[in-house]
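The data block below is work.txt; it holds compact mmCIF, C-alpha atoms and all ligand atoms.
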# COMPACT_ATOMS: atom_id res chain seq x y z
CA MET A 1 23.10 -5.18 9.52
CA THR A 2 21.08 -5.44 12.72
CA PHE A 3 17.36 -5.94 12.88
CA ASP A 4 16.40 -6.49 16.49
CA VAL A 5 12.71 -7.37 16.57
CA ASN A 6 12.47 -7.07 20.35
CA ARG A 7 13.80 -3.52 20.20
CA VAL A 8 11.39 -2.74 17.36
CA ARG A 9 8.38 -4.25 19.17
CA ALA A 10 9.11 -2.18 22.27
CA CYS A 11 8.43 0.94 20.16
CA TYR A 12 4.76 -0.08 19.73
CA PRO A 13 2.55 0.43 22.81
CA ALA A 14 -0.38 -1.49 21.27
CA LEU A 15 1.62 -4.71 21.02
CA ALA A 16 1.61 -4.96 24.82
CA ASP A 17 -2.00 -6.19 24.79
CA GLY A 18 -0.86 -9.74 24.02
CA TYR A 19 -2.61 -10.06 20.67
CA ALA A 20 -0.78 -11.28 17.57
CA TYR A 21 -1.28 -8.37 15.16
CA LEU A 22 -1.34 -10.21 11.83
CA ASP A 23 -3.78 -7.66 10.38
CA GLY A 24 -1.11 -5.18 9.29
CA ALA A 25 -2.15 -5.40 5.63
CA ALA A 26 -5.38 -3.66 6.65
CA GLY A 27 -3.59 -1.12 8.82
CA THR A 28 -0.54 -1.17 11.07
CA GLN A 29 -0.02 -0.13 14.68
CA LEU A 30 1.74 3.14 15.51
CA PRO A 31 5.05 3.48 17.34
CA ALA A 32 5.06 5.78 20.37
CA ALA A 33 7.20 8.27 18.43
CA VAL A 34 4.43 8.74 15.87
CA ILE A 35 1.70 9.06 18.51
CA ASP A 36 3.89 11.57 20.36
CA ALA A 37 4.61 13.58 17.22
CA ILE A 38 0.88 14.00 16.61
CA GLY A 39 0.27 15.00 20.24
CA THR A 40 3.26 17.35 20.23
CA ALA A 41 2.00 19.11 17.11
CA TYR A 42 -1.37 19.76 18.72
CA ARG A 43 0.12 20.74 22.06
CA ALA A 44 2.44 23.29 20.45
CA GLY A 45 -0.53 25.09 18.86
CA LEU A 46 -1.43 24.67 15.21
CA GLY A 47 -3.07 27.24 13.00
CA ASN A 48 -4.16 26.93 9.42
CA ALA A 49 -1.33 27.20 6.91
CA GLY A 50 -0.32 30.43 5.17
CA GLY A 51 -0.86 32.90 8.03
CA THR A 52 1.42 35.45 9.67
CA PHE A 53 1.80 33.85 13.13
CA PRO A 54 3.99 31.04 14.49
CA ALA A 55 1.21 28.46 14.91
CA SER A 56 0.42 28.88 11.21
CA ALA A 57 4.09 28.57 10.31
CA ARG A 58 4.16 25.28 12.24
CA ALA A 59 1.31 23.95 10.08
CA SER A 60 3.19 24.89 6.90
CA GLN A 61 6.37 23.34 8.31
CA ALA A 62 4.52 20.08 9.12
CA THR A 63 3.30 19.94 5.52
CA ASP A 64 6.77 20.57 4.05
CA ASP A 65 8.36 18.05 6.43
CA CYS A 66 5.75 15.47 5.47
CA ARG A 67 6.44 15.88 1.74
CA ARG A 68 10.18 15.53 2.35
CA ALA A 69 9.64 12.42 4.46
CA VAL A 70 7.41 10.70 1.89
CA ALA A 71 9.94 11.55 -0.82
CA ASP A 72 12.67 9.97 1.34
CA LEU A 73 10.55 6.87 1.81
CA VAL A 74 9.86 6.18 -1.86
CA GLY A 75 12.57 8.10 -3.67
CA GLY A 76 10.56 10.93 -5.18
CA HIS A 77 10.86 14.72 -5.12
CA PRO A 78 9.07 16.56 -2.26
CA ALA A 79 7.45 18.91 -4.82
CA GLY A 80 5.86 15.86 -6.45
CA VAL A 81 4.23 14.51 -3.27
CA ILE A 82 0.45 15.00 -3.30
CA LEU A 83 -1.10 14.48 0.14
CA GLY A 84 -4.69 13.47 0.77
CA PRO A 85 -7.02 11.44 2.96
CA ASN A 86 -6.15 8.02 1.52
CA MET A 87 -5.11 6.25 -1.67
CA THR A 88 -8.66 5.68 -2.91
CA THR A 89 -9.64 9.34 -2.75
CA LEU A 90 -6.38 10.44 -4.40
CA THR A 91 -6.72 7.84 -7.14
CA TYR A 92 -10.23 9.02 -8.00
CA ARG A 93 -8.84 12.55 -8.12
CA LEU A 94 -5.94 11.60 -10.39
CA ALA A 95 -8.21 9.47 -12.56
CA ALA A 96 -10.51 12.44 -13.12
CA ALA A 97 -7.59 14.74 -13.94
CA LEU A 98 -5.98 12.24 -16.33
CA ALA A 99 -9.26 11.26 -17.98
CA ALA A 100 -9.81 14.89 -18.89
CA THR A 101 -6.97 14.32 -21.40
CA TRP A 102 -8.44 11.09 -22.85
CA ASN A 103 -10.58 10.74 -25.97
CA PRO A 104 -12.96 8.12 -27.36
CA GLY A 105 -10.86 5.31 -28.80
CA ASP A 106 -8.15 5.65 -26.15
CA GLU A 107 -7.45 2.64 -23.94
CA VAL A 108 -6.54 2.02 -20.30
CA ILE A 109 -5.01 -1.21 -18.95
CA VAL A 110 -5.99 -2.46 -15.50
CA SER A 111 -5.13 -5.77 -13.85
CA ARG A 112 -7.06 -8.48 -12.06
CA LEU A 113 -4.34 -8.65 -9.41
CA ASP A 114 -5.11 -5.17 -8.12
CA HIS A 115 -7.08 -3.92 -5.13
CA ASP A 116 -10.27 -2.39 -6.50
CA ALA A 117 -8.99 1.10 -5.64
CA ASN A 118 -6.57 0.79 -8.59
CA VAL A 119 -9.23 -0.68 -10.89
CA ARG A 120 -12.66 0.94 -10.52
CA PRO A 121 -11.54 4.60 -10.57
CA TRP A 122 -9.90 3.93 -13.96
CA ILE A 123 -12.86 1.98 -15.36
CA GLN A 124 -15.31 4.69 -14.33
CA ALA A 125 -13.09 7.50 -15.62
CA ALA A 126 -12.53 5.63 -18.90
CA GLU A 127 -16.28 5.11 -19.36
CA ARG A 128 -16.91 8.83 -18.99
CA ALA A 129 -14.17 9.64 -21.51
CA GLY A 130 -15.32 6.97 -24.00
CA ALA A 131 -12.03 5.11 -23.55
CA ALA A 132 -11.88 1.30 -23.56
CA ILE A 133 -10.56 -0.96 -20.79
CA ARG A 134 -8.12 -3.80 -21.39
CA TRP A 135 -7.40 -6.40 -18.72
CA ALA A 136 -4.09 -7.92 -17.65
CA GLU A 137 -4.85 -11.42 -16.35
CA VAL A 138 -3.57 -13.36 -13.35
CA ASP A 139 -2.52 -16.99 -13.61
CA PRO A 140 -4.85 -18.57 -11.02
CA ALA A 141 -2.50 -21.51 -10.41
CA THR A 142 0.47 -19.38 -9.37
CA GLY A 143 -0.98 -15.96 -8.62
CA GLU A 144 1.54 -14.39 -11.02
CA LEU A 145 0.68 -11.41 -13.23
CA PRO A 146 2.89 -12.26 -16.22
CA ALA A 147 4.56 -9.10 -17.54
CA ALA A 148 4.86 -10.50 -21.07
CA GLN A 149 1.12 -10.10 -21.70
CA TYR A 150 1.53 -6.30 -21.65
CA ALA A 151 3.35 -6.53 -24.99
CA ASP A 152 0.04 -7.71 -26.51
CA LEU A 153 -2.15 -5.33 -24.51
CA LEU A 154 -0.16 -2.19 -25.30
CA SER A 155 -0.53 -0.09 -28.43
CA GLU A 156 -0.35 3.58 -29.30
CA ARG A 157 -4.01 3.82 -28.19
CA VAL A 158 -3.17 3.06 -24.52
CA ARG A 159 -2.96 6.16 -22.34
CA LEU A 160 -2.47 4.59 -18.93
CA VAL A 161 -1.40 1.32 -17.31
CA ALA A 162 -2.61 0.86 -13.71
CA VAL A 163 -0.82 -1.94 -11.87
CA THR A 164 -0.06 -2.90 -8.31
CA ALA A 165 3.43 -3.25 -6.86
CA ALA A 166 2.06 -6.05 -4.64
CA SER A 167 -1.25 -7.86 -4.17
CA ASN A 168 -2.86 -7.03 -0.83
CA VAL A 169 -4.07 -10.63 -0.38
CA ILE A 170 -1.68 -13.08 -2.04
CA GLY A 171 1.35 -10.78 -1.93
CA THR A 172 2.39 -11.23 -5.59
CA ARG A 173 4.95 -8.64 -6.66
CA PRO A 174 4.64 -8.27 -10.43
CA ASP A 175 7.62 -7.22 -12.51
CA VAL A 176 6.67 -3.54 -12.35
CA PRO A 177 9.87 -2.19 -13.98
CA ALA A 178 9.26 -4.41 -17.03
CA ILE A 179 5.59 -3.36 -17.25
CA THR A 180 6.26 0.36 -16.88
CA ALA A 181 9.12 0.20 -19.39
CA MET A 182 6.78 -1.35 -21.96
CA ALA A 183 4.11 1.23 -21.13
CA ARG A 184 6.54 4.09 -21.58
CA ALA A 185 7.82 2.69 -24.87
CA ALA A 186 4.22 2.62 -26.10
CA GLY A 187 3.66 6.21 -24.97
CA ALA A 188 1.45 5.34 -21.98
CA LEU A 189 1.72 6.60 -18.40
CA SER A 190 1.85 4.18 -15.47
CA TYR A 191 0.01 4.41 -12.14
CA VAL A 192 1.53 2.02 -9.61
CA ASP A 193 -0.39 1.10 -6.45
CA GLY A 194 2.24 0.90 -3.75
CA VAL A 195 -0.15 0.71 -0.81
CA HIS A 196 0.59 -2.92 0.01
CA ALA A 197 4.20 -2.96 -1.24
CA THR A 198 5.59 0.08 0.59
CA PRO A 199 5.75 -1.40 4.11
CA HIS A 200 7.45 -4.57 2.92
CA GLY A 201 10.75 -3.38 1.50
CA PRO A 202 12.79 -0.56 -0.01
CA VAL A 203 10.99 1.48 -2.69
CA ASP A 204 12.50 3.53 -5.50
CA ILE A 205 9.83 4.98 -7.76
CA TRP A 206 12.40 5.83 -10.44
CA ALA A 207 13.69 2.24 -10.52
CA LEU A 208 10.07 1.04 -10.67
CA GLY A 209 9.54 3.39 -13.61
CA ALA A 210 6.28 4.59 -12.03
CA ASP A 211 4.90 7.84 -13.40
CA PHE A 212 2.56 7.90 -10.40
CA TYR A 213 3.10 5.90 -7.19
CA ALA A 214 0.36 5.72 -4.56
CA THR A 215 0.86 4.85 -0.92
CA SER A 216 -0.96 5.15 2.41
CA ALA A 217 0.85 5.96 5.65
CA TYR A 218 -1.48 3.89 7.82
CA LYS A 219 -0.02 0.76 6.20
CA TRP A 220 3.47 1.73 7.33
CA CYS A 221 2.90 2.72 10.94
CA GLY A 222 1.72 6.25 10.30
CA PRO A 223 -1.66 7.93 10.60
CA HIS A 224 -4.48 7.85 8.04
CA VAL A 225 -2.92 9.96 5.28
CA GLY A 226 -2.48 8.96 1.63
CA ALA A 227 0.08 10.19 -0.89
CA VAL A 228 0.63 10.05 -4.64
CA ILE A 229 4.15 10.73 -5.80
CA ALA A 230 4.98 11.84 -9.34
CA ASP A 231 7.39 14.02 -11.26
CA PRO A 232 6.36 17.63 -10.49
CA ALA A 233 6.75 18.45 -14.21
CA LEU A 234 4.19 15.76 -15.10
CA LEU A 235 1.80 17.04 -12.42
CA GLY A 236 2.16 20.51 -13.93
CA THR A 237 0.57 19.28 -17.15
CA LEU A 238 -2.69 18.25 -15.38
CA ARG A 239 -5.59 20.53 -14.47
CA PRO A 240 -7.66 18.90 -11.71
CA ASP A 241 -10.96 20.43 -10.58
CA LYS A 242 -10.24 22.91 -7.79
CA LEU A 243 -11.55 26.00 -6.08
CA VAL A 244 -10.66 29.34 -7.68
CA PRO A 245 -8.84 30.85 -4.66
CA SER A 246 -6.97 27.67 -3.62
CA PRO A 247 -3.28 27.39 -4.59
CA ASP A 248 -2.66 26.47 -8.21
CA ASP A 249 0.93 25.37 -7.62
CA VAL A 250 2.10 21.77 -7.85
CA PRO A 251 1.40 19.70 -5.80
CA GLU A 252 -1.13 21.88 -3.85
CA ARG A 253 -3.32 22.06 -6.97
CA PHE A 254 -4.30 18.43 -6.34
CA GLU A 255 -5.04 18.85 -2.62
CA LEU A 256 -8.59 19.78 -1.63
CA GLY A 257 -9.44 21.64 1.55
CA THR A 258 -7.49 21.83 4.79
CA PRO A 259 -5.15 18.92 5.56
CA PRO A 260 -4.78 17.20 8.98
CA PHE A 261 -1.55 19.04 9.91
CA ALA A 262 -0.88 17.08 13.12
CA ASP A 263 -1.26 13.82 11.22
CA LEU A 264 1.22 15.10 8.64
CA ALA A 265 3.70 15.50 11.51
CA GLY A 266 2.91 11.89 12.37
CA VAL A 267 3.70 10.77 8.81
CA ALA A 268 7.17 12.35 9.01
CA ALA A 269 7.73 10.64 12.37
CA ALA A 270 6.70 7.32 10.83
CA VAL A 271 9.35 7.69 8.11
CA ASP A 272 11.93 8.56 10.79
CA HIS A 273 10.88 5.40 12.63
CA LEU A 274 11.22 3.23 9.51
CA ALA A 275 14.64 4.78 8.84
CA GLY A 276 15.70 3.53 12.28
CA LEU A 277 14.45 -0.05 12.02
CA ASP A 278 18.06 -1.08 11.54
CA ASP A 279 19.78 1.06 14.15
CA ALA A 280 23.26 0.26 12.87
CA VAL A 281 22.86 2.11 9.56
CA THR A 282 24.03 5.68 9.03
CA GLY A 283 23.81 8.32 6.32
CA SER A 284 20.98 10.45 5.01
CA ARG A 285 17.42 9.54 5.98
CA ARG A 286 16.93 8.16 2.46
CA ASP A 287 20.00 5.92 2.87
CA ARG A 288 18.79 4.73 6.26
CA VAL A 289 15.27 4.08 4.94
CA LEU A 290 16.66 1.93 2.13
CA ALA A 291 18.96 -0.07 4.40
CA SER A 292 16.40 -0.43 7.19
CA MET A 293 13.60 -1.51 4.87
CA ALA A 294 15.94 -4.04 3.25
CA ALA A 295 16.77 -5.45 6.70
CA ALA A 296 13.08 -5.53 7.65
CA GLU A 297 12.23 -7.30 4.40
CA ARG A 298 14.83 -10.01 5.01
CA TYR A 299 13.50 -10.49 8.54
CA GLU A 300 9.86 -10.62 7.37
CA GLN A 301 10.65 -13.08 4.58
CA ARG A 302 12.42 -15.46 6.95
CA LEU A 303 9.48 -15.35 9.36
CA PHE A 304 7.10 -15.83 6.45
CA ASP A 305 8.85 -19.09 5.52
CA THR A 306 7.83 -20.44 8.95
CA LEU A 307 4.28 -19.15 8.62
CA ARG A 308 3.78 -20.44 5.08
CA ASP A 309 5.42 -23.82 5.69
CA GLY A 310 3.44 -24.22 8.92
CA LEU A 311 0.12 -23.54 7.18
CA ALA A 312 1.08 -25.74 4.22
CA ALA A 313 1.73 -28.65 6.61
CA LEU A 314 -1.87 -28.55 7.86
CA PRO A 315 -3.87 -30.92 5.62
CA GLN A 316 -7.15 -28.99 5.81
CA VAL A 317 -5.55 -25.68 4.78
CA THR A 318 -5.53 -24.35 1.19
CA LEU A 319 -3.05 -21.54 0.53
CA TYR A 320 -3.63 -19.15 -2.37
CA GLY A 321 -0.80 -17.70 -4.44
CA LYS A 322 2.73 -18.95 -4.88
CA ALA A 323 4.36 -16.17 -6.85
CA VAL A 324 8.13 -16.21 -6.96
CA ALA A 325 8.35 -12.65 -5.66
CA ARG A 326 5.83 -11.86 -2.95
CA THR A 327 5.31 -10.02 0.30
CA ALA A 328 4.92 -11.87 3.59
CA THR A 329 1.15 -12.12 3.20
CA ALA A 330 -0.77 -15.44 3.46
CA TYR A 331 -4.29 -15.99 2.13
CA PHE A 332 -5.84 -19.31 3.05
CA THR A 333 -8.97 -21.30 3.76
CA VAL A 334 -9.60 -24.13 6.23
CA ALA A 335 -11.82 -26.93 4.89
CA GLY A 336 -15.17 -27.09 6.63
CA TYR A 337 -14.99 -23.57 8.10
CA ALA A 338 -16.19 -20.29 6.61
CA PRO A 339 -13.35 -17.73 6.59
CA LYS A 340 -15.27 -15.51 9.01
CA ARG A 341 -15.61 -18.46 11.40
CA VAL A 342 -11.84 -19.05 11.18
CA ALA A 343 -11.19 -15.36 11.90
CA GLU A 344 -13.58 -15.49 14.89
CA HIS A 345 -11.80 -18.56 16.23
CA LEU A 346 -8.42 -16.86 15.80
CA ALA A 347 -9.72 -13.73 17.56
CA SER A 348 -10.75 -15.95 20.48
CA ARG A 349 -7.10 -17.07 20.60
CA ARG A 350 -5.89 -13.44 20.47
CA VAL A 351 -4.80 -13.55 16.85
CA ASN A 352 -5.93 -10.66 14.62
CA VAL A 353 -6.50 -11.58 10.97
CA TRP A 354 -8.81 -10.45 8.20
CA HIS A 355 -11.33 -12.48 6.27
CA GLY A 356 -13.20 -11.85 3.03
CA HIS A 357 -12.16 -10.29 -0.27
CA ASN A 358 -10.26 -7.36 1.24
CA TYR A 359 -11.31 -5.42 -1.89
CA ALA A 360 -9.25 -7.76 -4.11
CA TRP A 361 -12.49 -8.02 -6.02
CA GLU A 362 -11.26 -9.17 -9.41
CA LEU A 363 -8.64 -11.53 -7.97
CA THR A 364 -11.08 -13.36 -5.70
CA GLY A 365 -13.22 -13.82 -8.83
CA VAL A 366 -10.23 -15.30 -10.70
CA LEU A 367 -9.50 -17.61 -7.76
CA GLY A 368 -13.14 -18.76 -7.79
CA ILE A 369 -13.73 -17.90 -4.13
CA ARG A 370 -15.57 -14.58 -4.28
CA ASP A 371 -18.95 -16.18 -3.55
CA THR A 372 -17.69 -18.40 -0.74
CA GLY A 373 -16.69 -15.82 1.87
CA CYS A 374 -13.25 -15.76 0.16
CA ALA A 375 -10.35 -16.56 2.53
CA VAL A 376 -8.41 -15.57 5.64
CA ARG A 377 -5.50 -13.12 5.39
CA ALA A 378 -2.60 -13.23 7.83
CA GLY A 379 0.16 -10.78 6.99
CA LEU A 380 3.49 -10.02 8.57
CA VAL A 381 5.14 -6.66 9.03
CA HIS A 382 8.42 -5.79 10.72
CA TYR A 383 6.95 -5.82 14.25
CA ASN A 384 5.64 -9.40 14.10
CA ASP A 385 7.68 -12.15 15.69
CA GLU A 386 7.87 -15.91 16.04
CA SER A 387 5.36 -15.95 18.88
CA ASP A 388 2.79 -14.30 16.58
CA VAL A 389 3.38 -17.00 13.98
CA SER A 390 3.21 -19.83 16.56
CA SER A 391 -0.06 -18.43 17.95
CA LEU A 392 -1.54 -18.39 14.45
CA LEU A 393 -0.37 -21.89 13.58
CA ALA A 394 -1.54 -23.36 16.90
CA ALA A 395 -4.97 -21.75 16.58
CA VAL A 396 -5.44 -22.88 12.95
CA ALA A 397 -4.26 -26.40 13.88
CA GLU A 398 -7.14 -26.60 16.37
CA LEU A 399 -9.46 -26.45 13.34
CA ALA A 400 -7.47 -28.32 10.74
C1 LIG B 501 -3.11 -2.66 -2.34
C2 LIG B 501 -4.07 -1.63 -1.82
N1 LIG B 501 -4.41 -0.62 -2.64
C3 LIG B 501 -5.24 0.34 -2.24
C4 LIG B 501 -5.82 0.33 -0.99
C5 LIG B 501 -6.73 1.43 -0.59
O1 LIG B 501 -6.03 2.29 0.25
P1 LIG B 501 -6.72 3.44 1.07
O2 LIG B 501 -7.38 2.81 2.25
O3 LIG B 501 -5.60 4.34 1.45
O4 LIG B 501 -7.69 4.11 0.18
C6 LIG B 501 -5.50 -0.71 -0.11
C7 LIG B 501 -6.11 -0.77 1.22
O5 LIG B 501 -6.20 -1.79 1.85
C8 LIG B 501 -4.59 -1.71 -0.54
O6 LIG B 501 -4.24 -2.72 0.27
Please express the file's structure as structure tokens.
Ligand SMILES: Cc1ncc(COP(=O)(O)O)c(C=O)c1O
Amino acid sequence: MTFDVNRVRACYPALADGYAYLDGAAGTQLPAAVIDAIGTAYRAGLGNAGGTFPASARASQATDDCRRAVADLVGGHPAGVILGPNMTTLTYRLAAALAATWNPGDEVIVSRLDHDANVRPWIQAAERAGAAIRWAEVDPATGELPAAQYADLLSERVRLVAVTAASNVIGTRPDVPAITAMARAAGALSYVDGVHATPHGPVDIWALGADFYATSAYKWCGPHVGAVIADPALLGTLRPDKLVPSPDDVPERFELGTPPFADLAGVAAAVDHLAGLDDAVTGSRRDRVLASMAAAERYEQRLFDTLRDGLAALPQVTLYGKAVARTATAYFTVAGYAPKRVAEHLASRRVNVWHGHNYAWELTGVLGIRDTGCAVRAGLVHYNDESDVSSLLAAVAELA
């Protein structure tokens, strides 16, 4: 097992600017291989898909390759990979298609741990269908989303459980397999938001028990493309709104308009890059993705210990969330300073972080900080190193 962070960092041209990129949870940098793949696709000549000439065939090939790559990343079937602009747009689309099968009296379970993109689309779709919403609650002291509560929330009336695989601010990883197993036993489908979780470790949607799994390539070093992965047979049962002449096959039925073909080539290159994070592993791309993401996760978690312990040692700092299983994502405040002021100070020290609610709307309400400018988020991904963490800690210590 070899994870060489210096080798990995050298793949990312943007990291040469000397900033500590701790803003990965809002969007990661791109390795040169991904940037090149996008440029190469354009340079080769790209037509629209479905035509008779080679440039058109290249567009179709980029789409097929992208579906295969996403399936290798998360463990799904390429024919079940829906591509779209981002997770939010795709989730609204899936919510509309699923809600068309709901009736008054049905119920949908959402959680207060989730990014609003896996909350509001379901609430709005449920309202239109006359279905009721039930809430899974977060323990504010720990940041855990206890799985046991789903036993009380679930009944034969529940049609869907929407839950995140990881919080985008406090990093909590709920026990998704337990939640989806309970949902399935009650006859409900599950929609798992994997946008924050996917870059932080190996993903297997079958092991998670997710009927739908959503992810966004720009969080894992790819371009701005979203994907929802599901069993093609399940997708075949849904009838989303679409144009009459557009393909009615699965998954194309769920994809509106013309996709960004060159970006799709970039998504496949991003998966190839992730598969090579540990350059000692061999086997199929899926095997290499699993091993590489496991190596990256171990590396990130070790670095996170330093980051978290360093912040915790600063008396003026309050850290939110201490779930047992979590991604390497810190969410904190510094007494006497508004989060935006902290982020501005860090930017002046060449440290990129986010401040605010980061769309964790319900969670910041639970934590009692939504009206206070919320907190500062510093997150690690595989290309961060000890110097990034030291820069953050030194800059925060100047305030604390
Ligand atoms: C956990 C989580 N879910 C959903 C989203 C929304 O993703 P997208 O920007 O692809 O719509 C984000 C974006 O930050 C996120 O972190």
Checklist entry - In Å, how far is it from atom CA of A:Pro339 to atom CA of A:Thr28? => result 21.4 Å
Item to check | Contacts of ligand LIG 501 (chain B), 8 Å or closer, only C-alpha atoms and all ligand atoms, given as JSON, numbers by chain | outcome: {"A": [25, 26, 27, 85, 86, 87, 88, 89, 90, 114, 115, 116, 117, 118, 164, 165, 166, 167, 168, 169, 193, 194, 195, 196, 197, 215, 216, 217, 218, 219, 224, 225, 226, 358, 359]}
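All residues of protein, DNA or RNA that reach within 6 Å of stretch 244-260 of chain A, judged by only C-alpha atoms and not counting those fewer than 2 positions away in the chain, are Gly80, Ile82, Ala262 and Asp263 of chain A.
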Checklist outcome for this item: Correct to one decimal, the distance atom CA of A:Leu274-atom CA of A:Ala20 is 20.5 Å
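Between atom CA of A:Val281 and atom CA of A:Ser387 there is a distance of 26.8 Å.
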Next on the checklist: Set the distance at 12 Å and use all atoms listed in the file: which residues neighbour A:Asp152 once local chain neighbours fewer than 6 positions away are removed? I'd like the list as a ChimeraX atom specification.
Outcome noted: /A:109,134-137,146,158,179,182-183,186
Rebuild stretch 60-77 of chain A so that it carries N, CA and C atoms, then output the result as a compact mmCIF listing (two decimals), in the frame of the given file.
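Heads up, here's the output in result.txt:
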# COMPACT_ATOMS: atom_id res chain seq x y z
N SER A 60 2.51 24.94 8.20
CA SER A 60 3.19 24.89 6.90
C SER A 60 4.43 24.01 6.98
N GLN A 61 5.14 24.14 8.12
CA GLN A 61 6.37 23.34 8.31
C GLN A 61 6.03 21.85 8.34
N ALA A 62 4.93 21.50 9.03
CA ALA A 62 4.52 20.08 9.12
C ALA A 62 4.23 19.55 7.71
N THR A 63 3.62 20.37 6.88
CA THR A 63 3.30 19.94 5.52
C THR A 63 4.59 19.73 4.72
N ASP A 64 5.50 20.69 4.79
CA ASP A 64 6.77 20.57 4.05
C ASP A 64 7.56 19.35 4.54
N ASP A 65 7.60 19.18 5.87
CA ASP A 65 8.36 18.05 6.43
C ASP A 65 7.75 16.72 5.97
N CYS A 66 6.43 16.70 5.89
CA CYS A 66 5.75 15.47 5.47
C CYS A 66 6.11 15.14 4.02
N ARG A 67 6.10 16.15 3.16
CA ARG A 67 6.44 15.88 1.74
C ARG A 67 7.88 15.36 1.63
N ARG A 68 8.78 15.97 2.40
CA ARG A 68 10.18 15.53 2.35
C ARG A 68 10.31 14.09 2.84
N ALA A 69 9.55 13.77 3.89
CA ALA A 69 9.64 12.42 4.46
C ALA A 69 9.11 11.38 3.47
N VAL A 70 7.97 11.67 2.85
CA VAL A 70 7.41 10.70 1.89
C VAL A 70 8.38 10.52 0.72
N ALA A 71 8.98 11.63 0.28
CA ALA A 71 9.94 11.55 -0.82
C ALA A 71 11.14 10.69 -0.40
N ASP A 72 11.56 10.81 0.85
CA ASP A 72 12.67 9.97 1.34
C ASP A 72 12.26 8.50 1.41
N LEU A 73 11.00 8.27 1.69
CA LEU A 73 10.55 6.87 1.81
C LEU A 73 10.52 6.17 0.46
N VAL A 74 10.08 6.88 -0.57
CA VAL A 74 9.86 6.18 -1.86
C VAL A 74 10.80 6.65 -2.96
N GLY A 75 11.58 7.68 -2.69
CA GLY A 75 12.57 8.10 -3.67
C GLY A 75 12.11 9.18 -4.63
N GLY A 76 11.05 9.88 -4.29
CA GLY A 76 10.56 10.93 -5.18
C GLY A 76 11.10 12.30 -4.81
N HIS A 77 10.51 13.34 -5.42
CA HIS A 77 10.86 14.72 -5.12
C HIS A 77 9.76 15.30 -4.23
